[in-house]
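Student: What follows is model-v4.tsv, TSV, C-alpha atoms.
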```
chain	number	residue	atom	x	y	z
A	1	MET	CA	255.89	41.46	277.62
A	2	ALA	CA	253.71	44.52	277.83
A	3	LYS	CA	250.58	44.52	275.73
A	4	ILE	CA	250.01	47.80	273.91
A	5	ILE	CA	246.36	48.68	273.34
A	6	VAL	CA	245.27	51.78	271.41
A	7	VAL	CA	241.88	53.34	272.06
A	8	THR	CA	240.94	55.06	268.82
A	9	SER	CA	237.94	56.11	266.72
A	10	GLY	CA	238.69	58.62	263.99
A	11	LYS	CA	235.79	60.83	265.00
A	12	GLY	CA	236.04	63.08	268.04
A	13	GLY	CA	233.70	63.13	271.00
A	14	VAL	CA	232.69	59.48	270.88
A	15	GLY	CA	234.26	58.54	274.22
A	16	LYS	CA	237.91	57.63	273.62
A	17	THR	CA	239.23	59.31	276.75
A	18	THR	CA	236.33	58.08	278.90
A	19	THR	CA	237.05	54.59	277.56
A	20	SER	CA	240.82	54.86	278.06
A	21	ALA	CA	240.28	55.96	281.66
A	22	ALA	CA	237.73	53.21	282.33
A	23	ILE	CA	239.68	50.38	280.69
A	24	SER	CA	243.03	51.29	282.23
A	25	THR	CA	241.42	51.63	285.66
A	26	GLY	CA	239.58	48.33	285.15
A	27	LEU	CA	242.80	46.52	284.25
A	28	ALA	CA	244.55	47.99	287.28
A	29	LEU	CA	241.65	47.02	289.57
A	30	ARG	CA	242.02	43.48	288.25
A	31	GLY	CA	245.60	43.51	289.50
A	32	HIS	CA	247.50	44.32	286.31
A	33	LYS	CA	250.21	46.97	286.33
A	34	THR	CA	248.91	49.44	283.76
A	35	ALA	CA	250.05	52.71	282.21
A	36	VAL	CA	247.77	55.01	280.25
A	37	ILE	CA	249.29	57.53	277.86
A	38	ASP	CA	247.55	60.63	276.51
A	39	PHE	CA	248.59	61.08	272.86
A	40	ASP	CA	246.47	64.20	272.34
A	41	ILE	CA	249.34	66.65	272.16
A	42	GLY	CA	248.17	70.21	272.64
A	43	LEU	CA	244.73	69.24	273.94
A	44	ARG	CA	245.34	66.99	276.91
A	45	ASN	CA	242.26	65.87	278.77
A	46	LEU	CA	242.97	62.46	280.22
A	47	ASP	CA	244.49	64.16	283.30
A	48	LEU	CA	241.17	65.90	283.94
A	49	ILE	CA	239.09	62.74	283.49
A	50	MET	CA	241.43	60.93	285.91
A	51	ASN	CA	241.59	63.82	288.37
A	52	CYS	CA	245.33	64.34	288.30
A	53	GLU	CA	245.40	67.65	286.39
A	54	ARG	CA	247.01	69.46	289.30
A	55	ARG	CA	249.74	66.91	289.68
A	56	VAL	CA	251.15	67.22	286.17
A	57	VAL	CA	254.78	68.36	286.33
A	58	TYR	CA	256.40	66.71	283.34
A	59	ASP	CA	254.70	65.24	280.29
A	60	PHE	CA	255.13	62.79	277.42
A	61	VAL	CA	257.03	65.26	275.21
A	62	ASN	CA	259.39	66.21	278.07
A	63	VAL	CA	260.31	62.54	278.36
A	64	ILE	CA	260.85	62.15	274.61
A	65	ASN	CA	263.03	65.26	274.55
A	66	GLY	CA	265.07	64.05	277.51
A	67	GLU	CA	263.96	66.96	279.72
A	68	ALA	CA	262.59	64.55	282.33
A	69	THR	CA	262.83	60.87	283.10
A	70	LEU	CA	259.85	58.60	282.57
A	71	LYS	CA	259.68	58.00	286.33
A	72	GLN	CA	259.42	61.75	286.96
A	73	ALA	CA	256.62	62.16	284.43
A	74	LEU	CA	254.45	59.18	285.41
A	75	ILE	CA	251.65	60.10	287.79
A	76	LYS	CA	250.51	57.41	290.18
A	77	ASP	CA	246.74	57.12	290.34
A	78	LYS	CA	245.34	57.88	293.80
A	79	ARG	CA	242.57	55.29	293.63
A	80	SER	CA	244.15	52.26	292.05
A	81	GLU	CA	247.42	50.82	293.17
A	82	ASN	CA	248.63	49.55	289.79
A	83	LEU	CA	247.78	52.50	287.59
A	84	PHE	CA	250.04	55.23	286.22
A	85	ILE	CA	249.21	58.13	283.90
A	86	LEU	CA	251.54	59.76	281.38
A	87	PRO	CA	249.97	63.11	280.48
A	88	ALA	CA	250.13	64.77	277.06
A	89	SER	CA	252.04	67.95	276.52
A	90	GLN	CA	250.28	71.28	275.97
A	91	THR	CA	252.80	72.29	273.31
A	92	ARG	CA	251.42	73.39	270.00
A	93	ASP	CA	254.08	71.52	268.08
A	94	LYS	CA	252.11	68.54	266.82
A	95	ASP	CA	255.17	66.79	265.46
A	96	ALA	CA	256.79	66.66	268.89
A	97	LEU	CA	256.08	62.93	268.96
A	98	SER	CA	258.75	61.13	266.98
A	99	LYS	CA	258.41	57.48	266.12
A	100	GLU	CA	261.73	56.71	267.80
A	101	GLY	CA	260.78	58.70	270.89
A	102	VAL	CA	257.44	56.95	271.28
A	103	GLU	CA	259.05	53.56	270.76
A	104	GLN	CA	261.66	54.34	273.41
A	105	VAL	CA	259.02	55.34	275.98
A	106	LEU	CA	256.97	52.20	275.27
A	107	LYS	CA	260.03	50.03	275.60
A	108	GLU	CA	260.99	51.67	278.88
A	109	LEU	CA	257.48	51.11	280.26
A	110	ALA	CA	257.71	47.44	279.32
A	111	ASP	CA	261.10	47.21	281.04
A	112	MET	CA	259.55	48.76	284.16
A	113	GLY	CA	257.21	45.78	284.35
A	114	PHE	CA	254.02	47.29	282.99
A	115	GLU	CA	251.68	44.57	281.70
A	116	TYR	CA	249.31	46.85	279.80
A	117	ILE	CA	249.96	50.15	278.06
A	118	ILE	CA	246.80	51.97	276.98
A	119	CYS	CA	247.30	54.63	274.30
A	120	ASP	CA	244.54	57.25	274.30
A	121	SER	CA	244.47	58.49	270.70
A	122	PRO	CA	243.49	61.99	269.60
A	123	ALA	CA	240.66	62.33	267.08
A	124	GLY	CA	241.43	62.49	263.37
A	125	ILE	CA	243.92	60.54	261.31
A	126	GLU	CA	246.89	62.84	261.58
A	127	HIS	CA	250.28	62.44	263.24
A	128	GLY	CA	249.18	62.05	266.87
A	129	ALA	CA	246.53	59.47	266.02
A	130	PHE	CA	249.00	57.63	263.81
A	131	MET	CA	251.63	57.57	266.57
A	132	ALA	CA	249.06	56.26	269.06
A	133	LEU	CA	248.13	53.30	266.87
A	134	TYR	CA	251.45	52.54	265.17
A	135	PHE	CA	252.94	50.31	267.91
A	136	ALA	CA	249.65	48.72	269.01
A	137	ASP	CA	249.20	44.99	269.54
A	138	GLU	CA	245.47	45.44	270.00
A	139	ALA	CA	243.00	48.20	269.19
A	140	VAL	CA	239.75	49.22	270.82
A	141	VAL	CA	237.80	51.11	268.16
A	142	VAL	CA	235.17	53.27	269.84
A	143	ALA	CA	232.06	54.04	267.80
A	144	ASN	CA	228.70	55.65	268.43
A	145	PRO	CA	225.71	54.11	266.64
A	146	GLU	CA	225.64	57.02	264.22
A	147	VAL	CA	226.64	57.32	260.54
A	148	SER	CA	229.67	59.60	260.71
A	149	SER	CA	231.20	57.76	263.64
A	150	VAL	CA	230.79	54.35	261.99
A	151	ARG	CA	232.27	55.59	258.73
A	152	ASP	CA	235.29	57.09	260.52
A	153	SER	CA	235.76	53.86	262.49
A	154	ASP	CA	235.94	51.96	259.23
A	155	ARG	CA	238.63	54.35	258.05
A	156	ILE	CA	240.65	53.81	261.24
A	157	LEU	CA	240.29	50.03	260.87
A	158	GLY	CA	241.72	50.37	257.36
A	159	ILE	CA	244.69	52.34	258.70
A	160	LEU	CA	245.31	49.74	261.43
A	161	GLN	CA	245.32	47.05	258.77
A	162	SER	CA	247.71	48.85	256.43
A	163	LYS	CA	249.86	51.37	258.28
A	164	SER	CA	250.55	49.94	261.75
A	165	ARG	CA	253.84	48.28	262.64
A	166	LYS	CA	252.06	44.93	262.87
A	167	ALA	CA	250.77	45.44	259.33
A	168	GLU	CA	254.28	46.32	258.11
A	169	LEU	CA	255.50	43.05	259.63
A	170	GLY	CA	252.71	41.15	257.89
A	171	GLU	CA	250.86	40.56	261.16
A	172	ASN	CA	247.48	41.74	262.40
A	173	VAL	CA	246.48	44.15	265.13
A	174	VAL	CA	243.75	42.44	267.20
A	175	GLU	CA	240.71	44.66	266.69
A	176	HIS	CA	237.86	45.16	269.14
A	177	LEU	CA	234.70	47.17	268.59
A	178	LEU	CA	233.29	49.14	271.51
A	179	ILE	CA	229.94	50.83	270.93
A	180	THR	CA	229.24	53.71	273.28
A	181	ARG	CA	226.21	55.93	273.96
A	182	TYR	CA	223.90	53.09	273.01
A	183	ASP	CA	220.20	53.69	273.58
A	184	PRO	CA	218.23	50.42	273.37
A	185	HIS	CA	214.91	52.30	273.39
A	186	ARG	CA	215.80	54.27	270.30
A	187	VAL	CA	217.14	51.13	268.63
A	188	ALA	CA	213.81	49.39	269.34
A	189	ARG	CA	211.99	52.32	267.75
A	190	GLY	CA	214.15	52.11	264.63
A	191	GLU	CA	215.76	55.47	265.36
A	192	MET	CA	219.27	54.23	266.04
A	193	LEU	CA	221.59	51.67	264.45
A	194	GLY	CA	221.59	48.44	266.43
A	195	VAL	CA	224.63	46.53	267.69
A	196	ALA	CA	224.26	43.89	264.97
A	197	ASP	CA	224.11	46.56	262.25
A	198	VAL	CA	227.32	48.28	263.38
A	199	GLU	CA	229.06	44.94	263.88
A	200	GLU	CA	228.04	43.84	260.39
A	201	ILE	CA	229.13	47.05	258.66
A	202	LEU	CA	232.52	47.15	260.39
A	203	ALA	CA	233.05	43.36	260.43
A	204	THR	CA	234.85	43.62	263.76
A	205	LYS	CA	234.39	41.57	266.90
A	206	LEU	CA	232.33	43.27	269.59
A	207	LEU	CA	234.14	43.98	272.84
A	208	GLY	CA	231.29	45.74	274.57
A	209	VAL	CA	228.31	48.04	274.42
A	210	ILE	CA	228.23	50.99	276.80
A	211	PRO	CA	224.69	52.25	277.21
A	212	GLU	CA	223.89	55.97	277.19
A	213	CYS	CA	224.10	56.66	280.90
A	214	GLN	CA	224.00	59.74	283.11
A	215	SER	CA	226.75	58.34	285.29
A	216	VAL	CA	229.35	59.05	282.55
A	217	LEU	CA	228.98	62.82	282.87
A	218	LYS	CA	228.77	62.59	286.65
A	219	ALA	CA	232.02	60.62	286.62
A	220	SER	CA	233.87	63.10	284.42
A	221	ASN	CA	232.57	66.03	286.51
A	222	GLN	CA	234.33	64.53	289.49
A	223	GLY	CA	237.36	63.08	287.73
A	224	VAL	CA	236.52	59.54	288.79
A	225	PRO	CA	236.59	57.00	285.93
A	226	VAL	CA	233.05	55.65	285.54
A	227	ILE	CA	234.19	52.08	286.16
A	228	HIS	CA	234.56	53.08	289.84
A	229	ASP	CA	230.75	53.38	289.92
A	230	PRO	CA	229.80	49.70	290.05
A	231	GLU	CA	226.10	50.52	290.41
A	232	SER	CA	225.89	52.36	287.11
A	233	LYS	CA	225.12	50.64	283.83
A	234	ALA	CA	228.12	52.23	282.13
A	235	GLY	CA	230.37	51.13	285.00
A	236	LYS	CA	229.11	47.57	284.75
A	237	ALA	CA	229.39	47.53	280.97
A	238	TYR	CA	233.01	48.77	281.13
A	239	ALA	CA	233.86	46.14	283.77
A	240	ASP	CA	232.43	43.49	281.41
A	241	ALA	CA	234.50	44.87	278.53
A	242	VAL	CA	237.68	44.69	280.63
A	243	ALA	CA	236.89	41.07	281.54
A	244	ARG	CA	236.47	40.24	277.83
A	245	LEU	CA	239.74	42.00	277.07
A	246	LEU	CA	241.33	39.63	279.60
A	247	GLY	CA	239.90	36.71	277.67
A	248	GLU	CA	236.87	35.93	279.81
A	249	GLN	CA	233.51	34.97	278.33
A	250	VAL	CA	230.96	37.47	279.57
A	251	GLU	CA	227.52	37.88	278.08
A	252	HIS	CA	226.57	41.31	276.72
A	253	ARG	CA	224.13	43.33	278.83
A	254	PHE	CA	221.94	46.40	278.39
A	255	LEU	CA	221.16	45.63	274.74
A	256	MET	CA	217.39	45.49	275.19
A	257	PRO	CA	215.08	48.19	276.50
A	258	GLU	CA	214.12	47.76	280.11
A	259	HIS	CA	210.49	47.60	281.00
A	260	LYS	CA	209.92	49.72	284.02
A	261	SER	CA	207.29	48.77	286.53
A	262	LEU	CA	204.77	51.33	287.70
A	263	PHE	CA	206.64	51.56	290.97
A	264	GLN	CA	209.91	52.33	289.17
A	265	ARG	CA	208.16	54.91	287.02
A	266	LEU	CA	206.81	56.68	290.08
A	267	PHE	CA	210.08	56.65	291.96
A	268	ARG	CA	212.43	57.14	289.09
A	269	ARG	CA	216.01	56.73	290.12
A	270	SER	CA	218.55	57.25	287.43
A	271	ALA	CA	221.52	54.98	287.61
B	1	MET	CA	202.16	47.60	271.03
B	2	SER	CA	199.17	48.46	268.87
B	3	LEU	CA	198.83	47.80	265.18
B	4	PHE	CA	199.17	51.53	264.60
B	5	ASP	CA	202.53	51.55	266.38
B	6	TYR	CA	203.72	48.76	264.12
B	7	PHE	CA	203.07	50.75	260.96
B	8	ALA	CA	204.38	53.98	262.41
B	9	ARG	CA	207.58	52.15	263.23
B	10	ARG	CA	208.01	50.78	259.74
B	11	LYS	CA	207.59	54.22	258.29
B	12	ASN	CA	209.98	55.97	260.64
B	13	ASN	CA	212.77	53.45	260.58
B	14	THR	CA	215.64	55.82	259.93
B	15	ALA	CA	218.14	53.31	261.33
B	16	SER	CA	217.69	51.07	258.29
B	17	ILE	CA	218.31	54.05	256.00
B	18	ALA	CA	221.49	54.76	257.94
B	19	LYS	CA	222.58	51.15	257.59
B	20	GLU	CA	222.03	51.09	253.82
B	21	ARG	CA	223.86	54.37	253.30
B	22	LEU	CA	226.77	53.19	255.41
B	23	GLN	CA	227.07	49.88	253.61
B	24	VAL	CA	227.34	51.67	250.26
B	25	ILE	CA	229.85	54.33	251.30
B	26	VAL	CA	232.00	51.99	253.38
B	27	ALA	CA	232.28	49.46	250.53
B	28	HIS	CA	233.19	52.26	248.11
B	29	GLU	CA	235.83	53.76	250.42
B	30	ARG	CA	237.38	50.38	251.20
B	31	ARG	CA	237.90	49.77	247.48
B	32	GLN	CA	239.50	53.19	247.11
B	33	HIS	CA	241.86	52.86	250.04
B	34	LYS	CA	243.02	49.42	249.04
B	35	GLN	CA	244.48	50.84	245.84
B	36	PRO	CA	248.23	51.29	245.72
B	37	ASP	CA	249.75	54.73	246.31
B	38	TYR	CA	251.17	55.01	242.81
B	39	LEU	CA	247.77	54.97	241.11
B	40	PRO	CA	247.18	58.77	241.03
B	41	ALA	CA	250.68	59.29	239.58
B	42	LEU	CA	250.05	56.58	237.01
B	43	GLN	CA	246.76	58.22	236.09
B	44	LYS	CA	248.54	61.55	235.62
B	45	ASP	CA	251.23	60.05	233.39
B	46	ILE	CA	248.69	58.22	231.25
B	47	MET	CA	246.78	61.46	230.86
B	48	GLU	CA	249.90	63.28	229.69
B	49	VAL	CA	250.42	60.66	227.00
B	50	ILE	CA	246.81	60.73	225.81
B	51	LYS	CA	246.81	64.52	225.86
B	52	LYS	CA	249.56	64.50	223.28
B	53	TYR	CA	247.00	63.14	220.83
B	54	VAL	CA	243.55	64.04	222.14
B	55	ASP	CA	242.51	67.01	224.23
B	56	ILE	CA	240.81	65.49	227.25
B	57	ASP	CA	240.25	66.31	230.86
B	58	ILE	CA	241.69	64.32	233.79
B	59	ASP	CA	238.16	63.50	234.94
B	60	ASN	CA	237.66	61.53	231.76
B	61	ILE	CA	240.28	59.00	232.71
B	62	GLU	CA	239.57	56.36	235.28
B	63	VAL	CA	242.25	54.00	236.47
B	64	GLN	CA	241.21	51.18	238.73
B	65	LEU	CA	242.96	48.18	240.15
B	66	ASP	CA	240.85	45.13	240.92
B	67	ASN	CA	242.10	42.15	242.81
B	68	GLN	CA	240.52	38.92	241.67
B	69	GLY	CA	241.93	36.06	243.63
B	70	ASN	CA	245.62	35.84	242.88
B	71	CYS	CA	245.58	38.11	239.84
B	72	SER	CA	245.22	41.87	239.64
B	73	VAL	CA	243.53	43.64	236.77
B	74	LEU	CA	244.44	47.20	235.91
B	75	GLU	CA	241.42	48.77	234.27
B	76	LEU	CA	241.78	51.93	232.23
B	77	ASN	CA	238.71	53.83	231.06
B	78	VAL	CA	239.14	56.82	228.80
B	79	THR	CA	236.10	58.79	227.76
B	80	LEU	CA	236.91	60.54	224.51
B	81	PRO	CA	235.09	63.74	223.60
B	82	ASP	CA	232.06	63.34	221.27
B	83	LYS	CA	233.69	65.14	218.43
B	84	LEU	CA	237.34	64.37	218.15
B	85	PRO	CA	239.19	67.62	217.70
B	86	ALA	CA	242.08	67.70	215.31
B	87	ALA	CA	245.12	66.10	216.82
B	88	ARG	CA	247.52	68.67	218.18
B	89	THR	CA	250.71	67.10	217.07
B	90	GLY	CA	249.62	66.91	213.47
B	91	SER	CA	249.81	63.20	213.11
B	92	GLY	CA	248.59	63.43	209.53
B	93	ARG	CA	244.83	63.26	209.88
```
Represent the structure contained in this file as structure tokens.
Tutor:
Amino acid sequence: MAKIIVVTSGKGGVGKTTTSAAISTGLALRGHKTAVIDFDIGLRNLDLIMNCERRVVYDFVNVINGEATLKQALIKDKRSENLFILPASQTRDKDALSKEGVEQVLKELADMGFEYIICDSPAGIEHGAFMALYFADEAVVVANPEVSSVRDSDRILGILQSKSRKAELGENVVEHLLITRYDPHRVARGEMLGVADVEEILATKLLGVIPECQSVLKASNQGVPVIHDPESKAGKAYADAVARLLGEQVEHRFLMPEHKSLFQRLFRRSA
Amino acid sequence: MSLFDYFARRKNNTASIAKERLQVIVAHERRQHKQPDYLPALQKDIMEVIKKYVDIDIDNIEVQLDNQGNCSVLELNVTLPDKLPAARTGSGR
């Protein structure tokens, strides 16, 4: 049985696509056959983050409309053996995703032996975002420690609990909270919401905390998911989050400000 | 950390303001979204009925559904105007 995981947030720009790329790559690196689907119809970006933008021939909507087979549309990742990407369409027709069509594609992926299907949701709470979360077994809700992002995350959690297929069946979507762009120094100074605050407000179990880290932009510049950078804090934090998603007990890191020695201050090397 | 830092920190703790504001708005919005879909339509129908007798605005009617354990309470609040205008339908007042 394939496990369907939606990466969602409500608010835009909080790191859904970065997270989708990192988590799907992490699962594949751990030996699980994984597919990652871009649900952002009209504004696809996952292909760029995963460096396969020039290999897109057919897309998600082509498959739904029967213009291409799923096998033709899936792009095999060059770096990880078990990873495949299904790019979003650039069509402007936002309703191109039908519930039946999406269900069919998910079912076909499961039949092909995929263990994990990661759905990269668009921002907002409209059709595309709804389609991305509707069939989910689990949800990774990405939030920045910032008021509008936390509020929107709460809204998305409400939708998961009332409008998803699991909810319609009287079951629950397993919810995970992933806090990104976390700056422990600012938290210590009382300038930023802390992990415990966000966890308390959203009442959702913490999957991971990704610290604000220069390696994230460097990774997207090159189209290499940040989890491939095992030296970076963000890469390590994403690897931890993937391990927790697989049921392992891993302690949270990078929650406290680091005290730099004089030597480190003089020869500052940014991870 | 000096004593001065400690007080400066207390004063500039905007994170705690953010937390308080979020707790209030999130609790409010959760209550709203838990309400059934038919509530706005119900509110409109009730208003139509009341309007037959008293001239009021839709903002003066508040319909709320509260879940208390295994029983739900439908609360209806109607704010009547200070001076009751003559009833439109001429109900003999």
Student: Give me, as a PyMOL selection string, the contact residues of chain A against chain B at a cut-off of 6 Å, counting all atoms listed in the file.
Tutor: chain A and resi 190-193
Student: How many Å lie between CA of Ala35 in chain A and CA of Glu231 in chain A, rounded to one decimal?
Tutor: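 Spanning CA of Ala35 in chain A to CA of Glu231 in chain A is a straight-line distance of 25.4 Å.
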Student: Which residues come within 12 Å of Ser72 in chain B, counting only C-alpha atoms, excluding same-chain residues fewer than 5 positions away, as a list in words?
Tutor: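 Neighbouring residues, sequence-local ones excluded: Gln35, Pro36, Gln64, Leu65, Asp66 and Asn67 of chain B.
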Student: Given the choices A:Leu43, A:Ala167, A:Ala22, A:Val57, which gets closest to Ala237 in chain A if the distance is worked out from all atoms listed in the file?
Tutor: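 Of the candidates, the smallest distance to Ala237 in chain A is held by A:Ala22.
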Student: For range 201-209 of chain A, please output as a PyMOL selection string all residues within 8 Å (counting all atoms listed in the file; exclusion window: fewer than 4 positions along the same chain).
Tutor: (chain A and resi 140+150+153-154+175-180+182+195+197+237-238+240-241+244-245+252-255) or (chain B and resi 19+22-23+26)
Student: Residues near Phe60 in chain A, anyone? I mean within 12 Å using only C-alpha atoms, not counting same-chain ones fewer than 4 positions away, as a PDB file with C-alpha atoms, in the coordinates of the input.
Tutor:
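Produced file out.pdb, reproduced below:
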```pdb
ATOM      1  CA  VAL A  36     247.770  55.010 280.250  1.00  0.00           C
ATOM      2  CA  ILE A  37     249.290  57.530 277.860  1.00  0.00           C
ATOM      3  CA  ASP A  38     247.550  60.630 276.510  1.00  0.00           C
ATOM      4  CA  PHE A  39     248.590  61.080 272.860  1.00  0.00           C
ATOM      5  CA  ASP A  40     246.470  64.200 272.340  1.00  0.00           C
ATOM      6  CA  ILE A  41     249.340  66.650 272.160  1.00  0.00           C
ATOM      7  CA  GLY A  42     248.170  70.210 272.640  1.00  0.00           C
ATOM      8  CA  ARG A  44     245.340  66.990 276.910  1.00  0.00           C
ATOM      9  CA  VAL A  56     251.150  67.220 286.170  1.00  0.00           C
ATOM     10  CA  ILE A  64     260.850  62.150 274.610  1.00  0.00           C
ATOM     11  CA  ASN A  65     263.030  65.260 274.550  1.00  0.00           C
ATOM     12  CA  GLY A  66     265.070  64.050 277.510  1.00  0.00           C
ATOM     13  CA  GLU A  67     263.960  66.960 279.720  1.00  0.00           C
ATOM     14  CA  ALA A  68     262.590  64.550 282.330  1.00  0.00           C
ATOM     15  CA  THR A  69     262.830  60.870 283.100  1.00  0.00           C
ATOM     16  CA  LEU A  70     259.850  58.600 282.570  1.00  0.00           C
ATOM     17  CA  LYS A  71     259.680  58.000 286.330  1.00  0.00           C
ATOM     18  CA  GLN A  72     259.420  61.750 286.960  1.00  0.00           C
ATOM     19  CA  ALA A  73     256.620  62.160 284.430  1.00  0.00           C
ATOM     20  CA  LEU A  74     254.450  59.180 285.410  1.00  0.00           C
ATOM     21  CA  ILE A  75     251.650  60.100 287.790  1.00  0.00           C
ATOM     22  CA  ILE A  85     249.210  58.130 283.900  1.00  0.00           C
ATOM     23  CA  LEU A  86     251.540  59.760 281.380  1.00  0.00           C
ATOM     24  CA  PRO A  87     249.970  63.110 280.480  1.00  0.00           C
ATOM     25  CA  ALA A  88     250.130  64.770 277.060  1.00  0.00           C
ATOM     26  CA  SER A  89     252.040  67.950 276.520  1.00  0.00           C
ATOM     27  CA  GLN A  90     250.280  71.280 275.970  1.00  0.00           C
ATOM     28  CA  THR A  91     252.800  72.290 273.310  1.00  0.00           C
ATOM     29  CA  ALA A  96     256.790  66.660 268.890  1.00  0.00           C
ATOM     30  CA  LEU A  97     256.080  62.930 268.960  1.00  0.00           C
ATOM     31  CA  SER A  98     258.750  61.130 266.980  1.00  0.00           C
ATOM     32  CA  GLY A 101     260.780  58.700 270.890  1.00  0.00           C
ATOM     33  CA  VAL A 102     257.440  56.950 271.280  1.00  0.00           C
ATOM     34  CA  GLN A 104     261.660  54.340 273.410  1.00  0.00           C
ATOM     35  CA  VAL A 105     259.020  55.340 275.980  1.00  0.00           C
ATOM     36  CA  LEU A 106     256.970  52.200 275.270  1.00  0.00           C
ATOM     37  CA  CYS A 119     247.300  54.630 274.300  1.00  0.00           C
TER      38      CYS A 119
END
```
Student: Record the distance separating CA of Gln249 in chain A and CA of Ser220 in chain A, expressed in Å with one decimal.
Tutor: 28.8 Å
Student: Draw an axis-aligned box tight on the listed atoms of range 56-72 of chain B, then pad every side by 3 Å and write out centre and edge lengths in Å to one decimal as lines of an AutoDock Vina configuration file.
Tutor:
```
center_x = 241.6
center_y = 51.1
center_z = 235.4
size_x = 14.0
size_y = 36.5
size_z = 22.4
```
Student: When you draw a straight line from CA of Asp59 in chain B to CA of Arg155 in chain A, how long is it in Å?
Tutor: 24.9 Å
Student: Which residues, written as a VMD selection string, have at least one atom at most 8 Å from Tyr116 in chain A, with only C-alpha atoms counted and residues fewer than 2 positions away on the same chain left out?
Tutor: chain A and resid 2 to 5 27 32 to 35 114 118
Student: List the spatial neighbours of Ile61 in chain B as an mmCIF file with C-alpha atoms, keeping the file's coordinate frame - criterion: any atom at most 8 Å away, only C-alpha atoms, same-chain residues fewer than 5 positions off excluded.
Tutor:
```cif
data_model
loop_
_atom_site.group_PDB
_atom_site.id
_atom_site.type_symbol
_atom_site.label_atom_id
_atom_site.label_comp_id
_atom_site.auth_asym_id
_atom_site.auth_seq_id
_atom_site.Cartn_x
_atom_site.Cartn_y
_atom_site.Cartn_z
ATOM 1 C CA GLN B 43 246.760 58.220 236.090
ATOM 2 C CA MET B 47 246.780 61.460 230.860
ATOM 3 C CA LEU B 76 241.780 51.930 232.230
ATOM 4 C CA ASN B 77 238.710 53.830 231.060
ATOM 5 C CA VAL B 78 239.140 56.820 228.800
ATOM 6 C CA THR B 79 236.100 58.790 227.760
#
```
